[in-house]
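Undergrad: Got a structure here, written out as structure tokens. Questions coming.
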Amino acid sequence: MIIKEINIRKMKMTMKSPFATSFGSFQDKEFLLLEATDELGNTGWGESTAFHSPWYNEETMETNLHMIRDFLIPLVLDKEINHPDEVNELFSPLRKNNMAKATVEGAIWDLYAKRNKLTLAEALGGTAEKIEVGISIGIQKSSADLIELVRGYIAEGYKRMKVKIKPGFDIDVIRALREAFPQVPLMADANSAYTLDDVDLLKQLDEFDLMMIEQPLASDDIIDHAKLQKEIKTPICLDESIHSLEDARKAFELGSTRIINIKIGRVGGLTEAKKIHDFCMEKGLPVWCGGMLESGIGRAHNVALTTLPNFILPGDTASSSRYWEEDVITPEVVAEDGYITVPSAYGIGYEPNMEVMNRYTTEQFQFKS
Ligand code: OSB
Ligand code: MG
């Protein structure tokens, strides 16, 4: 296939309620969508998971726009590409900027699947017909508020509850949740809020039978996590620290992680995500698909990836309605009793809803060969 045209949209959508992590809270989500068109008129969509500011990683919507426009588009426009795996190779001389790379690569995967009359899941080698999903809940004002939210999500059928923790909102909160819901599959995500000075505190979590603790220590660390894992029983799951198959291998060899949260953007695209998945499967490490508060385009990519066989733990991709009054795809992503049915239409399997998409677009950029 030959990529003939790329369109980028800056989007601004307001979430139903603010999302709070150990870094802070926000409600307006600004991000990029990208559409690639080939010489036959097939199109594919990708979403950038970079946020407006660099609080999760170093990338932002604006740095992604710069990278895509000035470096990535020139590498793919008017080039013959036989398979999306080649995009991963083409981009590899450029360091980092994984979310920017994943935006372009994701659109080319969707395009490739449509052109070859495959679902994106099939193109990736996935087989699951439905995927199990959990929910991620931001930091709340009180344990009581959190308990009420969790009660609602359990009633909706979500398969596991992930709650954000930070110093001052941790042990007591988890204890209260465990007392209220003795059986529910529960995990905590610290988004790097602790250090090895907190080992005694983190040890106290062992009594609550958590499925895992996600990224307790620094966002670029794999050494201290290995030390921490030797001290605590709760399995550590790395998120922020894993950017590539090489990172996954090193973290595994050091014993820094027993589970990996795979996010397509963080690792630079679907090809790298699949490599990490395959490595973890071989080593007996379960994986699950993380979320970045995506709109429907990004959600659709997550659903397709999750059909691979080693995604054995529920992911963070909940229904579109979890965050959005209306989503940019049709139909919207719907989790029923904690399961999302993998769509059977070609490519990402959902159609862009242009009327909704246009309403939330603040700027557009067009690149033609
Ligand atoms: O650490 O997994 C995280 C959201 C934004 C940035 C980082 C994270 C998250 C979530 C929410 O946990 C996942 C989602 O619901 O999309
Ligand atoms: Mg996380």
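In the structure tokens, each chain is lettered A, B, ... as it comes, each chain's residues begin at 1, and ligands are numbered from 1 in order of appearance.
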Throw together the list of residues within 7 Å of ligand 1, counting only C-alpha atoms and all ligand atoms, and drop it here as a ChimeraX atom specification.
TA: /A:56,135-136,189,191,239,290-294,316-318
Undergrad: Compile a residue-level contact table for chain A against ligand 2 at a cut-off of 12 Å, reporting for every qualifying residue the shortest atom pair and its distance in Å to one decimal, with only C-alpha atoms and all ligand atoms counted, rows ordered by chain and ascending number, as JSON lines.
TA:
```
{"residue": "A:Thr21", "atom": "CA", "partner": "ligand 2", "partner_atom_place_in_ligand_line": "1 (Mg)", "distance": 9.3}
{"residue": "A:Ser22", "atom": "CA", "partner": "ligand 2", "partner_atom_place_in_ligand_line": "1 (Mg)", "distance": 10.5}
{"residue": "A:Phe23", "atom": "CA", "partner": "ligand 2", "partner_atom_place_in_ligand_line": "1 (Mg)", "distance": 11.7}
{"residue": "A:Tyr56", "atom": "CA", "partner": "ligand 2", "partner_atom_place_in_ligand_line": "1 (Mg)", "distance": 9.0}
{"residue": "A:Asn57", "atom": "CA", "partner": "ligand 2", "partner_atom_place_in_ligand_line": "1 (Mg)", "distance": 11.3}
{"residue": "A:Ile135", "atom": "CA", "partner": "ligand 2", "partner_atom_place_in_ligand_line": "1 (Mg)", "distance": 11.9}
{"residue": "A:Ser136", "atom": "CA", "partner": "ligand 2", "partner_atom_place_in_ligand_line": "1 (Mg)", "distance": 9.0}
{"residue": "A:Ile137", "atom": "CA", "partner": "ligand 2", "partner_atom_place_in_ligand_line": "1 (Mg)", "distance": 11.0}
{"residue": "A:Gly138", "atom": "CA", "partner": "ligand 2", "partner_atom_place_in_ligand_line": "1 (Mg)", "distance": 10.8}
{"residue": "A:Lys162", "atom": "CA", "partner": "ligand 2", "partner_atom_place_in_ligand_line": "1 (Mg)", "distance": 9.4}
{"residue": "A:Val163", "atom": "CA", "partner": "ligand 2", "partner_atom_place_in_ligand_line": "1 (Mg)", "distance": 9.9}
{"residue": "A:Lys164", "atom": "CA", "partner": "ligand 2", "partner_atom_place_in_ligand_line": "1 (Mg)", "distance": 8.5}
{"residue": "A:Ile165", "atom": "CA", "partner": "ligand 2", "partner_atom_place_in_ligand_line": "1 (Mg)", "distance": 10.7}
{"residue": "A:Met187", "atom": "CA", "partner": "ligand 2", "partner_atom_place_in_ligand_line": "1 (Mg)", "distance": 10.8}
{"residue": "A:Ala188", "atom": "CA", "partner": "ligand 2", "partner_atom_place_in_ligand_line": "1 (Mg)", "distance": 9.0}
{"residue": "A:Asp189", "atom": "CA", "partner": "ligand 2", "partner_atom_place_in_ligand_line": "1 (Mg)", "distance": 5.6}
{"residue": "A:Ala190", "atom": "CA", "partner": "ligand 2", "partner_atom_place_in_ligand_line": "1 (Mg)", "distance": 7.2}
{"residue": "A:Asn191", "atom": "CA", "partner": "ligand 2", "partner_atom_place_in_ligand_line": "1 (Mg)", "distance": 5.6}
{"residue": "A:Ser192", "atom": "CA", "partner": "ligand 2", "partner_atom_place_in_ligand_line": "1 (Mg)", "distance": 8.7}
{"residue": "A:Ala193", "atom": "CA", "partner": "ligand 2", "partner_atom_place_in_ligand_line": "1 (Mg)", "distance": 11.1}
{"residue": "A:Met212", "atom": "CA", "partner": "ligand 2", "partner_atom_place_in_ligand_line": "1 (Mg)", "distance": 11.4}
{"residue": "A:Ile213", "atom": "CA", "partner": "ligand 2", "partner_atom_place_in_ligand_line": "1 (Mg)", "distance": 9.4}
{"residue": "A:Glu214", "atom": "CA", "partner": "ligand 2", "partner_atom_place_in_ligand_line": "1 (Mg)", "distance": 5.9}
{"residue": "A:Gln215", "atom": "CA", "partner": "ligand 2", "partner_atom_place_in_ligand_line": "1 (Mg)", "distance": 6.4}
{"residue": "A:Pro216", "atom": "CA", "partner": "ligand 2", "partner_atom_place_in_ligand_line": "1 (Mg)", "distance": 9.3}
{"residue": "A:Leu217", "atom": "CA", "partner": "ligand 2", "partner_atom_place_in_ligand_line": "1 (Mg)", "distance": 11.3}
{"residue": "A:Ala218", "atom": "CA", "partner": "ligand 2", "partner_atom_place_in_ligand_line": "1 (Mg)", "distance": 11.9}
{"residue": "A:Ser219", "atom": "CA", "partner": "ligand 2", "partner_atom_place_in_ligand_line": "1 (Mg)", "distance": 9.9}
{"residue": "A:Ile236", "atom": "CA", "partner": "ligand 2", "partner_atom_place_in_ligand_line": "1 (Mg)", "distance": 11.5}
{"residue": "A:Cys237", "atom": "CA", "partner": "ligand 2", "partner_atom_place_in_ligand_line": "1 (Mg)", "distance": 8.8}
{"residue": "A:Leu238", "atom": "CA", "partner": "ligand 2", "partner_atom_place_in_ligand_line": "1 (Mg)", "distance": 7.8}
{"residue": "A:Asp239", "atom": "CA", "partner": "ligand 2", "partner_atom_place_in_ligand_line": "1 (Mg)", "distance": 5.2}
{"residue": "A:Glu240", "atom": "CA", "partner": "ligand 2", "partner_atom_place_in_ligand_line": "1 (Mg)", "distance": 6.8}
{"residue": "A:Ser241", "atom": "CA", "partner": "ligand 2", "partner_atom_place_in_ligand_line": "1 (Mg)", "distance": 10.0}
{"residue": "A:Ile242", "atom": "CA", "partner": "ligand 2", "partner_atom_place_in_ligand_line": "1 (Mg)", "distance": 11.0}
{"residue": "A:Ile260", "atom": "CA", "partner": "ligand 2", "partner_atom_place_in_ligand_line": "1 (Mg)", "distance": 10.2}
{"residue": "A:Asn261", "atom": "CA", "partner": "ligand 2", "partner_atom_place_in_ligand_line": "1 (Mg)", "distance": 7.5}
{"residue": "A:Ile262", "atom": "CA", "partner": "ligand 2", "partner_atom_place_in_ligand_line": "1 (Mg)", "distance": 9.7}
{"residue": "A:Lys263", "atom": "CA", "partner": "ligand 2", "partner_atom_place_in_ligand_line": "1 (Mg)", "distance": 9.3}
{"residue": "A:Arg266", "atom": "CA", "partner": "ligand 2", "partner_atom_place_in_ligand_line": "1 (Mg)", "distance": 10.9}
{"residue": "A:Trp288", "atom": "CA", "partner": "ligand 2", "partner_atom_place_in_ligand_line": "1 (Mg)", "distance": 11.2}
{"residue": "A:Cys289", "atom": "CA", "partner": "ligand 2", "partner_atom_place_in_ligand_line": "1 (Mg)", "distance": 10.3}
{"residue": "A:Gly290", "atom": "CA", "partner": "ligand 2", "partner_atom_place_in_ligand_line": "1 (Mg)", "distance": 7.1}
{"residue": "A:Gly291", "atom": "CA", "partner": "ligand 2", "partner_atom_place_in_ligand_line": "1 (Mg)", "distance": 8.1}
{"residue": "A:Met292", "atom": "CA", "partner": "ligand 2", "partner_atom_place_in_ligand_line": "1 (Mg)", "distance": 8.8}
{"residue": "A:Leu293", "atom": "CA", "partner": "ligand 2", "partner_atom_place_in_ligand_line": "1 (Mg)", "distance": 11.4}
{"residue": "A:Gly315", "atom": "CA", "partner": "ligand 2", "partner_atom_place_in_ligand_line": "1 (Mg)", "distance": 11.1}
{"residue": "A:Asp316", "atom": "CA", "partner": "ligand 2", "partner_atom_place_in_ligand_line": "1 (Mg)", "distance": 9.5}
```
Undergrad: If you run DSSP over the backbone, which residues in range 101-201 of chain A end up strand (DSSP E)? Put them as a PyMOL selection string.
TA: chain A and resi 130-132+135-137+161-164+186-189
Undergrad: Take the residues that were just selected and, keeping C-alpha atoms, output them as a CSV table (one decimal), in the first residue's frame.
TA:
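Resulting contents of part-v4.csv:
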```csv
chain,number,residue,atom,x,y,z
A,130,LYS,CA,-15.1,-11.0,23.7
A,131,ILE,CA,-12.7,-9.5,26.1
A,132,GLU,CA,-12.9,-9.1,29.9
A,135,ILE,CA,-12.4,-0.2,35.5
A,136,SER,CA,-9.9,2.4,36.8
A,137,ILE,CA,-11.1,4.8,39.4
A,161,MET,CA,-11.6,-2.7,40.4
A,162,LYS,CA,-8.4,-0.6,40.0
A,163,VAL,CA,-8.1,2.3,42.4
A,164,LYS,CA,-5.5,5.0,42.4
A,186,LEU,CA,-9.0,-5.4,43.5
A,187,MET,CA,-5.7,-3.7,42.6
A,188,ALA,CA,-4.0,-0.4,43.3
A,189,ASP,CA,-2.2,2.0,40.9
```
Undergrad: Find the residues near range 145-152 of chain A: any atom within 9 Å, counting only C-alpha atoms, skip ones fewer than 2 places away on the same chain, and give them as a PyMOL selection string.
TA: chain A and resi 137-143+154-157+161+163+173+176-177+180-181
Undergrad: Could you work out how far CA of Glu47 in chain A lies from CA of Asp78 in chain A, giving the answer in Å with one decimal?
TA: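 So the two atoms, CA of Asp78 in chain A and CA of Glu47 in chain A, lie 21.3 Å apart.
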Undergrad: Pick the closest to Met211 in chain A from A:Ile81, A:Leu196, A:Ala123, A:Leu313: which is it, counting only C-alpha atoms?
TA: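 The answer is A:Leu313, which sits nearest to Met211 in chain A.
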Undergrad: Interatomic distance between CA of Leu205 in chain A and CA of Phe252 in chain A?
TA: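 CA of Leu205 in chain A sits 22.5 Å away from CA of Phe252 in chain A.
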Undergrad: Can you measure CA of Asn7 in chain A to CA of Trp45 in chain A for me? One decimal in Å is fine.
TA: 9.6 Å
Undergrad: Tell me which of A:Leu201, A:Ala248, A:Ala144, A:Leu305 sits closest to Trp109 in chain A, counting only C-alpha atoms.
TA: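 Under the stated criterion, the closest residue is A:Leu305.
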Undergrad: When distances are computed from only C-alpha atoms, which of A:Asn353, A:Asn42, A:Thr195, A:Ser48 shows the smallest separation from Met67 in chain A?
TA: A:Ser48
Undergrad: Near Lys233 in chain A, counting only C-alpha atoms, which residues have an atom at most 8 Å away, once you skip same-chain residues fewer than 4 positions from it, shown as number ranges by chain?
TA: A: 203, 206, 229
Undergrad: Residues near range 344-348 of chain A, anyone? I mean within 6 Å using only C-alpha atoms, not counting same-chain ones fewer than 3 positions away, as a list of chain:residue names.
TA: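 Residues near the query, excluding close chain neighbours: A:Asp110, A:Ala113, A:Lys114, A:Lys117, A:Leu118, A:Thr119, A:Leu120, A:Ala300.
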Undergrad: Find the residues near Arg322 in chain A: any atom within 9 Å, counting only C-alpha atoms, skip ones fewer than 2 places away on the same chain, and give them as a list of chain:residue names.
TA: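 Contacts, with the query itself left out: A:Met15, A:Lys16, A:Ile135, A:Ala318, A:Ser319, A:Ser320, A:Trp324, A:Glu325.
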Undergrad: Suppose we keep C-alpha atoms; can you now write the selection as a JSON list (two decimals), in the first residue's frame?
TA:
```
[["chain", "number", "residue", "atom", "x", "y", "z"],
["A", 15, "MET", "CA", -15.00, 14.08, 30.50],
["A", 16, "LYS", "CA", -18.11, 13.45, 32.61],
["A", 135, "ILE", "CA", -12.41, -0.18, 35.55],
["A", 318, "ALA", "CA", -14.37, 0.33, 29.83],
["A", 319, "SER", "CA", -17.46, 1.48, 27.91],
["A", 320, "SER", "CA", -17.27, 4.76, 25.97],
["A", 324, "TRP", "CA", -17.93, 10.47, 27.39],
["A", 325, "GLU", "CA", -21.44, 11.83, 26.93]]
```
Undergrad: Using only C-alpha atoms, which residues sit within 8 Å of range 339-342 of chain A once same-chain residues fewer than 6 positions away are excluded, as a ChimeraX atom specification?
TA: /A:128-133,158,303-304,307,333
Undergrad: Please return as an NGL selection string: the residues of range 2-167 of chain A that backbone DSSP assigns to helix (DSSP H, G or I).
TA: :A and (61-76 or 85-91 or 98-115 or 120-124 or 143-156)
